[in-house]
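Heads up, the thing below is written out as structure tokens.
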Amino acid sequence: MNNGLLSIIGLDGISWPLISRLNREGILKNYYKYVVRTGLKAINICIPPITPPSWNTIFTGVPPEKHGILGFSKFFKKDGNLLKGFYSSLDIKYPRLNEVLAINGLSGIVFNYPLSYPLKGWYLKNQVLIYDAFSPRRFIYPKSLENKYIRYFYYGEYHSFKEHYEALHRVIDGLLKIENNLQPDFLIAIFREPDNLLHMHPWIMTGGITNEWLIKIFELIDEFIKLVSRRYLYLSTVSDHGFHIFKKAIHLNRLLIECGLDPSTLYSEDLKTMMLNFISSNVSFYPYLRFLLISSKITRENYRRILKNIAKFLGIREAPTSHFKDTTKDYFMDQYDPGDSYYIFFTKRELRDRCYNQFKRYVRVCFKDVEKIDINGIYVLKPIPYGNYTFTFIKASKITKLIVNTFVHHHHQYGIFTLKGSQTPNKFHIINNIDISPLILYYLNYPLASYFNINLPIVQDALKNRDTKNYKTIWRIKRKIFWKHI
């Protein structure tokens with residue numbers, strides 16, 4: 001049995017209301033017994049509640065504007081054009097928690113960390129890194145472990161809950177085999193299953209779970225948490241966001257028109273495809289509609305034609321890919337899904353500032369705040385809605401109100417955080433995801449980073465009385481030396 005120091009279990013998309021309901025149904029009984037009833041618990045506020053920036057905020061202890069990951073897509077300027085690419089590990093500008101622990105001499109395993117590729121973005125001394133779902137290829141570092149263990153780890157399209165369960169069972173089996181073999185000081189494993197299942201089957205949030213294989217998926221994670229809770233001195237569970245059924249949405253198109261802009265050409269073919277898939281996934285949310293579709297035996301092609309008409313009605317428009325290279329377009333939104341539109345990117349500062357002044361009029365109406373950010377030569381606007389609002393892109397000519405009624409499930413700002421171990425208080429808190437790495441380092445009694453901007457009094461006091469390190473500088477030097485000798 002391993003007597004490691006720290007295990008962090010990431011539960012992508014999990015929220016406290018869902019955990020409470022699953023416990024009442026007897027599905028997460030070990031999680032409640034070994035984690036929730038003892039130790040520190042918190043609502044983890046994640047802004048933006050988007051997978052890549054939120055996980056990197058959690059593990060670097062700095063906000064997206066500092067660590068550099070603002071969403072799924074990377075926007076950058078070249079020759080006066082605003083171009084679109086994809087983020088990678090090389091874009092992360094601060095060390096992640098596992099690298100900080102490695103700098104302090106610990107060994108570890110990291111599984112499914114978003115943006116794990118390429119390897120050269122990491123400092124990996126005494127660590128195992130297993131690829132994530134965003135990676136362009138499957139890999140395990142070091143290479144010597146790949147041939148033996150890569151067969152356990154596979155991300156693909158699952159056609160049934162049974163297939164999903166079997167794949168997760170292999171993943172956990174592989175993780176435990178590597179962990180038993182290496183006996184690491186820390187284990188970081190992020191499970192994407194809650195997020196995937198809630199996106200595709202939103203009824204999980206509202207009704208009882210009766211499918212036996214779906215129950216087994218959650219029970220498998222529950223057993224894994226029970227096992228690692230016995231192997232590590234500290235156990236933490238954390239999510240990058242929650243899920244919520246929203247009944248109010250902020251009509252971003254209406255706001256952009258108020259700023260004197262024309263949002264009608266904003267969207268790409270990617271957006272249209274993603275929205276069609278989103279509508280498709282929501283069919284199960286409306287049982288009567290689902291019954292009509294099945295009973296009338298509509299073919300797949302006719303079904304997609306119906307969805308295209310729905311998309312057309314909602315104003316989801318097609319634009320050429322070259323749209324992102326067109327200098328006549330001065331602003332873009334990153335996310336495919338309107339609920340993720342926490343950033344608006346501008347090529348001109350004056351245009352961004354004009355929109356900022358207009359958006360600020362609605363602070364305390366539907367926005368908590370609106371922020372201006374300059375990053376990579378691009379001017380960014382960050383509207384932060386209140387927790388009971390999401391965003392919508394419904395065609396502006398069809399709706400004149402800023403706040404519209406909706407009924408949609410999507411990412412929510414409130415995730416979860418727990419920490420169980422020596423001297424952790426059995427209390428409930430509200431924290432920000434930026435505070436999680438500092439809090440863990442505090443309880444592990446390691447130096448905090450000199451660049452942390454901490455909101456928790458207990459850790460703020462520790463900064464005054466404990467040595468700090470500039471992990472960023474140390475990390476950059478050690479990473480360069482590490483790969484030079486590989």
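To be explicit about the labels: the chains of the structure tokens are called A, B, and onward in the order shown, and within each one the residues are counted from 1, while ligands get numbers from 1 in the order they are shown.
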
**Study point:** For A:Lys177: contacts at 12 Å, only C-alpha atoms, fewer than 6 positions along chain excluded, given as a PyMOL selection string
**Key:** chain A and resi 1-2+109+145+148-150+152+170-171+183-184

Okay, now the selection with C-alpha atoms, as a tab-separated table (two decimals), in the first residue's frame?
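Saved file part_39.tsv follows:
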```
chain	number	residue	atom	x	y	z
A	1	MET	CA	0.00	0.00	0.00
A	2	ASN	CA	1.30	3.44	-0.97
A	109	ILE	CA	1.50	10.86	-11.65
A	145	LEU	CA	5.89	3.08	-19.67
A	148	LYS	CA	3.11	-1.44	-21.19
A	149	TYR	CA	0.24	0.83	-20.14
A	150	ILE	CA	-1.11	2.84	-23.09
A	152	TYR	CA	-5.56	1.07	-20.69
A	170	ARG	CA	-9.81	0.18	-17.98
A	171	VAL	CA	-8.57	3.72	-17.22
A	183	GLN	CA	4.56	4.49	-5.39
A	184	PRO	CA	4.42	8.27	-6.12
```

Exercise for review: Write out as a PyMOL selection string each polymer residue whose atoms come within 10 Å of A:Leu176, counting only C-alpha atoms; drop sequence neighbours fewer than 6 positions from it.
Suggested key: chain A and resi 170+182+224+227-228

Review point. Taking into account only C-alpha atoms, which residue in the set A:Pro425, A:Gly174, A:Gly26, A:Pro457 is nearest to A:Ile209?
Key: A:Gly26

Review point. Tell me, which residues of stretch 76-305 of chain A carry DSSP strand (DSSP E or B), written as number ranges by chain?
Key: A: 76-78, 81-86, 108-111, 127-130, 140-141, 186-191, 232-238, 242-251

Check your understanding: Which residues, written as a PyMOL selection string, have at least one atom at most 10 Å from stretch 120-136 of chain A, with only C-alpha atoms counted and residues fewer than 5 positions away on the same chain left out?
Key -> chain A and resi 52+72+87-93+95-96+98-100+102-103+105-115+141-143+145-146+149-150+153-156+175+178-179+182+184-192+475-483

**Study point:** Nearest to A:Lys248 by atom-to-atom distance, counting only C-alpha atoms, from A:Lys401, A:Arg138, A:His199, A:Arg354
**Key:**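 Going through A:Lys401, A:Arg138, A:His199, A:Arg354 one by one, the smallest distance to A:Lys248 is for A:Lys401.
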
Exercise for review: Report the residues of stretch 133-269 of chain A whose backbone DSSP state falls under alpha helix (DSSP H), written as a PyMOL selection string.
Suggested key: chain A and resi 143-149+161-182+193-200+212-229+252-258+269

Point to revise | Long-range neighbours of A:Leu70 as a PyMOL selection string, 8 Å cut-off, only C-alpha atoms, 4 positions minimum in chain | key: chain A and resi 52-53+64-65+74+343

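Near A:Asp12, within 10 Å and counting only C-alpha atoms, sit Ile9, Gly10, Ile14, Ser15, Thr51, Trp55, Ile190, Phe191, Arg192, Glu193, Pro194, Asp195, Asn196, Val238, Ser239, Asp240, His241, Gly242, Gly415 and Ile416 of chain A, not including residues fewer than 2 positions from it in the same chain.
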
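Across A:Leu261, A:Ile47, A:Val363, A:Leu235, the tightest approach to A:Leu351 is made by A:Leu261 when counting only C-alpha atoms.
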
Practice item. Measure the distance from atom CA of A:Glu371 to atom CA of A:Val404 in Å and round it to one decimal. Key: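 Pair atom CA of A:Glu371 / atom CA of A:Val404 returns 23.1 Å.
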
Study note, to complete from the structure: Restricting to only C-alpha atoms, whichever of A:Tyr94, A:Phe452, A:Phe76, A:Trp16 is closest to A:Asp374 is A:Phe76
